[in-house]
$ cat data.txt   # compact mmCIF, C-alpha atoms
# COMPACT_ATOMS: atom_id res chain seq x y z
CA ALA T 28 80.94 -6.81 26.26
CA GLN T 29 83.46 -7.81 23.66
CA LYS T 30 82.23 -8.98 20.29
CA VAL T 31 83.92 -10.31 17.16
CA THR T 32 82.16 -10.33 13.79
CA GLN T 33 83.13 -12.06 10.57
CA THR T 34 80.59 -11.19 7.89
CA GLN T 35 82.02 -13.35 5.10
CA THR T 36 80.49 -16.79 5.45
CA SER T 37 82.47 -18.37 2.64
CA ILE T 38 85.05 -17.39 0.04
CA SER T 39 86.34 -19.26 -2.98
CA VAL T 40 89.62 -18.32 -4.66
CA MET T 41 91.93 -19.69 -7.31
CA GLU T 42 95.14 -21.31 -6.19
CA LYS T 43 98.20 -19.04 -6.01
CA THR T 44 96.13 -15.87 -5.63
CA THR T 45 95.80 -13.58 -2.60
CA VAL T 46 92.74 -13.58 -0.36
CA THR T 47 91.65 -11.24 2.43
CA MET T 48 89.25 -12.22 5.16
CA ASP T 49 87.52 -9.53 7.18
CA CYS T 50 86.97 -9.25 10.91
CA VAL T 51 85.65 -6.39 13.05
CA TYR T 52 85.59 -6.31 16.81
CA GLU T 53 84.10 -4.36 19.70
CA THR T 54 85.86 -3.69 22.96
CA ARG T 55 86.03 -1.06 25.67
CA ASP T 56 89.59 -1.94 26.57
CA SER T 57 92.52 0.14 25.41
CA SER T 58 94.75 -2.93 25.38
CA TYR T 59 93.75 -6.17 23.71
CA PHE T 60 95.02 -8.97 21.51
CA LEU T 61 93.68 -10.23 18.22
CA PHE T 62 94.24 -13.69 16.79
CA TRP T 63 93.50 -15.71 13.72
CA TYR T 64 93.02 -19.47 13.86
CA LYS T 65 92.45 -22.05 11.16
CA GLN T 66 90.22 -25.12 11.55
CA THR T 67 90.89 -27.92 9.10
CA ALA T 68 88.36 -30.47 7.85
CA SER T 69 89.47 -32.88 10.56
CA GLY T 70 88.56 -30.35 13.23
CA GLU T 71 92.11 -29.46 14.15
CA ILE T 72 92.46 -25.82 15.23
CA VAL T 73 95.76 -24.16 14.48
CA PHE T 74 96.99 -20.79 15.72
CA LEU T 75 98.15 -18.66 12.79
CA ILE T 76 99.02 -15.12 13.82
CA ARG T 77 98.52 -12.50 16.50
CA GLN T 78 98.26 -8.70 16.61
CA ASP T 79 98.84 -6.72 19.79
CA SER T 80 96.64 -3.62 19.93
CA TYR T 81 99.49 -1.34 20.99
CA LYS T 82 101.62 -2.26 17.97
CA LYS T 83 101.26 -0.12 14.87
CA GLU T 84 103.07 -2.56 12.60
CA ASN T 85 100.98 -5.24 10.96
CA ALA T 86 101.98 -8.73 12.04
CA THR T 87 103.29 -11.20 9.46
CA GLU T 88 103.94 -14.94 9.70
CA GLY T 89 104.99 -16.83 6.61
CA HIS T 90 102.35 -16.31 3.93
CA TYR T 91 99.93 -14.84 6.49
CA SER T 92 99.78 -11.15 7.26
CA LEU T 93 97.34 -8.82 8.96
CA ASN T 94 95.75 -5.54 7.98
CA PHE T 95 95.18 -3.89 11.37
CA GLN T 96 93.05 -0.76 11.19
CA LYS T 97 92.58 0.27 14.80
CA PRO T 98 90.31 3.32 14.17
CA LYS T 99 87.94 1.00 12.30
CA SER T 100 88.27 -1.84 14.86
CA SER T 101 89.21 -4.07 11.98
CA ILE T 102 91.72 -6.89 11.66
CA GLY T 103 91.85 -8.52 8.23
CA LEU T 104 93.79 -11.69 7.47
CA ILE T 105 95.69 -11.75 4.19
CA ILE T 106 96.90 -15.01 2.71
CA THR T 107 99.25 -14.67 -0.24
CA ALA T 108 100.04 -17.37 -2.80
CA THR T 109 97.19 -19.53 -1.59
CA GLN T 110 97.50 -23.30 -1.76
CA ILE T 111 94.89 -26.03 -1.85
CA GLU T 112 95.89 -26.91 1.73
CA ASP T 113 94.76 -23.45 2.87
CA SER T 114 91.16 -24.58 2.41
CA ALA T 115 89.68 -24.44 5.91
CA VAL T 116 87.52 -22.36 8.22
CA TYR T 117 89.27 -19.29 9.56
CA PHE T 118 88.34 -17.79 12.90
CA CYS T 119 89.16 -14.35 14.21
CA ALA T 120 89.39 -14.04 18.01
CA MET T 121 89.98 -11.34 20.59
CA ARG T 122 91.31 -11.30 24.12
CA GLU T 123 90.75 -8.10 26.05
CA ASP T 124 91.78 -7.09 29.53
CA ALA T 125 95.41 -7.75 28.82
CA SER T 126 96.41 -7.32 32.46
CA SER T 127 94.35 -10.26 33.64
CA SER T 128 95.30 -13.93 33.56
CA PHE T 129 91.65 -14.91 33.27
CA SER T 130 90.64 -12.98 30.23
CA LYS T 131 88.11 -14.62 27.96
CA LEU T 132 88.90 -15.42 24.33
CA VAL T 133 85.95 -14.58 22.08
CA PHE T 134 85.70 -15.98 18.57
CA GLY T 135 83.96 -14.77 15.45
CA GLN T 136 81.60 -16.94 13.45
CA GLY T 137 84.27 -18.10 11.02
CA THR T 138 84.87 -17.78 7.29
CA SER T 139 85.09 -20.89 5.14
CA LEU T 140 87.84 -20.61 2.54
CA SER T 141 87.93 -22.84 -0.49
CA VAL T 142 91.04 -22.76 -2.68
CA VAL T 143 90.45 -24.30 -6.10
CA PRO T 144 93.02 -25.31 -8.72
CA ALA B 29 107.71 -29.65 22.83
CA GLN B 30 104.27 -29.58 24.38
CA THR B 31 101.66 -32.11 23.37
CA ILE B 32 97.99 -32.09 24.23
CA HIS B 33 95.88 -35.20 24.17
CA GLN B 34 92.12 -35.53 24.49
CA TRP B 35 90.05 -38.63 25.15
CA PRO B 36 87.91 -40.15 23.90
CA VAL B 37 88.14 -39.18 20.24
CA ALA B 38 84.39 -39.54 19.86
CA GLU B 39 81.40 -40.54 21.98
CA ILE B 40 77.81 -41.44 21.26
CA LYS B 41 75.69 -41.19 24.40
CA ALA B 42 72.06 -41.29 25.38
CA VAL B 43 70.16 -38.33 26.81
CA GLY B 44 70.32 -38.45 30.59
CA SER B 45 73.51 -40.48 30.73
CA PRO B 46 76.71 -39.25 32.42
CA LEU B 47 79.75 -37.97 30.56
CA SER B 48 83.42 -37.54 31.27
CA LEU B 49 85.89 -36.05 28.80
CA GLY B 50 89.59 -35.75 29.49
CA CYS B 51 92.51 -33.61 28.46
CA THR B 52 96.19 -34.06 29.26
CA ILE B 53 99.08 -31.80 28.39
CA LYS B 54 102.67 -32.96 28.45
CA GLY B 55 105.83 -30.92 28.34
CA LYS B 56 104.46 -27.88 30.10
CA SER B 57 104.30 -27.24 33.81
CA SER B 58 101.44 -25.30 35.39
CA PRO B 59 99.68 -24.38 32.15
CA ASN B 60 96.49 -22.36 31.98
CA LEU B 61 93.89 -24.79 30.63
CA TYR B 62 90.58 -24.16 28.90
CA TRP B 63 87.53 -26.07 27.70
CA TYR B 64 85.64 -24.97 24.59
CA TRP B 65 82.48 -26.19 22.91
CA GLN B 66 81.66 -25.90 19.23
CA ALA B 67 78.25 -26.71 17.75
CA THR B 68 78.32 -28.23 14.28
CA GLY B 69 79.09 -25.42 11.84
CA GLY B 70 79.36 -22.94 14.68
CA THR B 71 81.95 -20.90 16.49
CA LEU B 72 84.00 -21.77 19.55
CA GLN B 73 82.61 -20.90 22.96
CA GLN B 74 84.82 -20.90 26.03
CA LEU B 75 83.29 -22.97 28.87
CA PHE B 76 85.86 -23.19 31.67
CA TYR B 77 89.39 -22.18 32.51
CA SER B 78 91.87 -23.24 35.15
CA ILE B 79 95.18 -21.75 36.18
CA THR B 80 96.15 -24.28 38.81
CA VAL B 81 95.31 -27.67 40.33
CA GLY B 82 91.96 -27.73 42.09
CA GLN B 83 90.85 -24.38 40.72
CA VAL B 84 88.32 -24.04 37.90
CA GLU B 85 86.31 -21.02 36.80
CA SER B 86 83.12 -21.26 34.78
CA VAL B 87 82.63 -18.93 31.84
CA VAL B 88 79.31 -20.22 30.49
CA GLN B 89 76.69 -22.32 32.24
CA LEU B 90 75.73 -25.29 30.08
CA ASN B 91 74.91 -27.84 32.81
CA LEU B 92 78.51 -29.02 32.66
CA SER B 93 81.26 -29.05 35.25
CA ALA B 94 85.02 -29.21 35.08
CA SER B 95 87.80 -30.27 37.39
CA ARG B 96 91.57 -30.13 37.46
CA PRO B 97 92.76 -33.09 39.52
CA LYS B 98 96.40 -32.86 38.39
CA ASP B 99 98.65 -30.16 37.00
CA ASP B 100 98.55 -31.72 33.55
CA GLN B 101 94.93 -32.91 33.51
CA PHE B 102 91.58 -31.21 32.90
CA ILE B 103 88.26 -33.06 33.05
CA LEU B 104 84.85 -32.03 31.69
CA SER B 105 81.81 -33.86 32.97
CA THR B 106 78.10 -33.94 33.58
CA GLU B 107 75.76 -36.35 35.35
CA LYS B 108 72.93 -35.94 32.84
CA LEU B 109 73.47 -35.25 29.17
CA LEU B 110 71.08 -33.10 27.16
CA LEU B 111 70.57 -33.12 23.40
CA SER B 112 72.06 -29.63 23.35
CA HIS B 113 75.37 -30.99 24.62
CA SER B 114 76.13 -32.50 21.23
CA GLY B 115 79.09 -30.93 19.47
CA PHE B 116 82.85 -30.73 19.43
CA TYR B 117 84.71 -30.26 22.70
CA LEU B 118 88.18 -28.81 22.65
CA CYS B 119 90.78 -28.42 25.33
CA ALA B 120 93.38 -25.68 25.01
CA TRP B 121 96.42 -24.41 26.90
CA ARG B 122 98.13 -21.08 27.08
CA ASP B 123 101.81 -20.43 27.42
CA TRP B 124 103.41 -17.24 28.70
CA GLY B 125 102.16 -15.53 25.60
CA TYR B 126 98.51 -14.88 24.94
CA GLU B 127 97.67 -17.32 22.18
CA GLN B 128 96.01 -20.59 23.04
CA TYR B 129 96.87 -23.95 21.54
CA PHE B 130 94.17 -26.53 21.01
CA GLY B 131 93.95 -30.27 21.40
CA PRO B 132 92.50 -32.56 18.72
CA GLY B 133 89.00 -32.44 20.24
CA THR B 134 86.25 -34.91 21.13
CA ARG B 135 83.12 -35.25 19.02
CA LEU B 136 80.05 -35.88 21.15
CA THR B 137 76.72 -37.04 19.80
CA VAL B 138 73.80 -37.18 22.21
CA LEU B 139 70.82 -39.23 21.07

$ encode --input "data.txt" --output "structure tokens"
Amino acid sequence: AQKVTQTQTSISVMEKTTVTMDCVYETRDSSYFLFWYKQTASGEIVFLIRQDSYKKENATEGHYSLNFQKPKSSIGLIITATQIEDSAVYFCAMREDASSSFSKLVFGQGTSLSVVP
Amino acid sequence: AQTIHQWPVAEIKAVGSPLSLGCTIKGKSSPNLYWYWQATGGTLQQLFYSITVGQVESVVQLNLSASRPKDDQFILSTEKLLLSHSGFYLCAWRDWGYEQYFGPGTRLTVL
């Protein structure tokens, strides 16, 4: 069964610095998709970025980028030039069985990021 | 642009009472729709998914049921609430890509 693990419960960083959040996953599939989502204090969940397992290049989206290390089953989220508004809970998620329309999305436990001035 | 709406915003219900939560998506035809549950401080757990009207698949059994009466509507319900049903319920949709987009959620407190 697929599993997603985020070991960092909470992180605190200074504004305008770079932060990396870790995520490791388990899957038997050769093709899968990895996602990062952000949940704000209001509960809103926002899709941030996606990595396709067959792509060697790390995905980037604005000030978000990924560190995809397939041999280590690891997908880290990097946020550069952090802002106070980046304070939120960040979830890593995986979708395996890429050929199916019914594939389950499994989430990690989340990492709470606090950006301080 | 697609918009997803959930109702109600919040509910406080008694144990043993019935529940109905709704989700509507506009601007997208025949979306794949999903229900998720999140305990306070916890992760998201997928409950149900639906790819078409009248068809719903259960992912996790939590004494809840779901229905899709219209192409743009997804309903989550139960006849008897349990304390363990408390939490945050989110509806999501998926486009042709693989990422899912979430609604604003409904906070449920069962007393």

$ interface_residues --input "data.txt" --of "chain B" --to "chain T" --cutoff "8 Å" --atoms "all atoms listed in the file" --output "list in words"
Gly70, Thr71, Leu72, Gln73, Gln74, Tyr77, Val87, Tyr126, Glu127, Gln128, Tyr129, Phe130, Gly131, Pro132 and Gly133 of chain B

$ residues_around --input "data.txt" --residues "region 56-69 of chain B" --least-positions-apart "4" --cutoff "8 Å" --atoms "all atoms listed in the file" --output "VMD selection string"
chain B and resid 30 73 to 80 99 to 100 102 104 114 to 123

$ closest_residue --input "data.txt" --among "T:Lys65, T:Thr34, T:Val142, T:Gln78" --to "Asn94 (chain T)" --atoms "all atoms listed in the file"
T:Gln78

$ atom_distance --input "data.txt" --atom1 "CA of Leu140 (chain T)" --atom2 "CA of Ile32 (chain B)"
26.6 Å

$ residues_around --input "data.txt" --residues "region 48-52 of chain T" --least-positions-apart "2" --cutoff "8 Å" --atoms "only C-alpha atoms" --output "list of chain:residue names"
T:Gln29, T:Lys30, T:Val31, T:Thr32, T:Gln33, T:Thr34, T:Gln35, T:Val46, T:Thr54, T:Lys99, T:Ser100, T:Ser101, T:Ile102, T:Gly103, T:Leu104, T:Ile105, T:Cys119, T:Met121, T:Gly135, T:Thr138

$ closest_residue --input "data.txt" --among "B:Gln101, B:Ser95, B:Ser112, B:Ser45" --to "His33 (chain B)" --atoms "only C-alpha atoms"
B:Gln101

$ atom_distance --input "data.txt" --atom1 "CA of Gly82 (chain B)" --atom2 "CA of Ala42 (chain B)"
29.3 Å
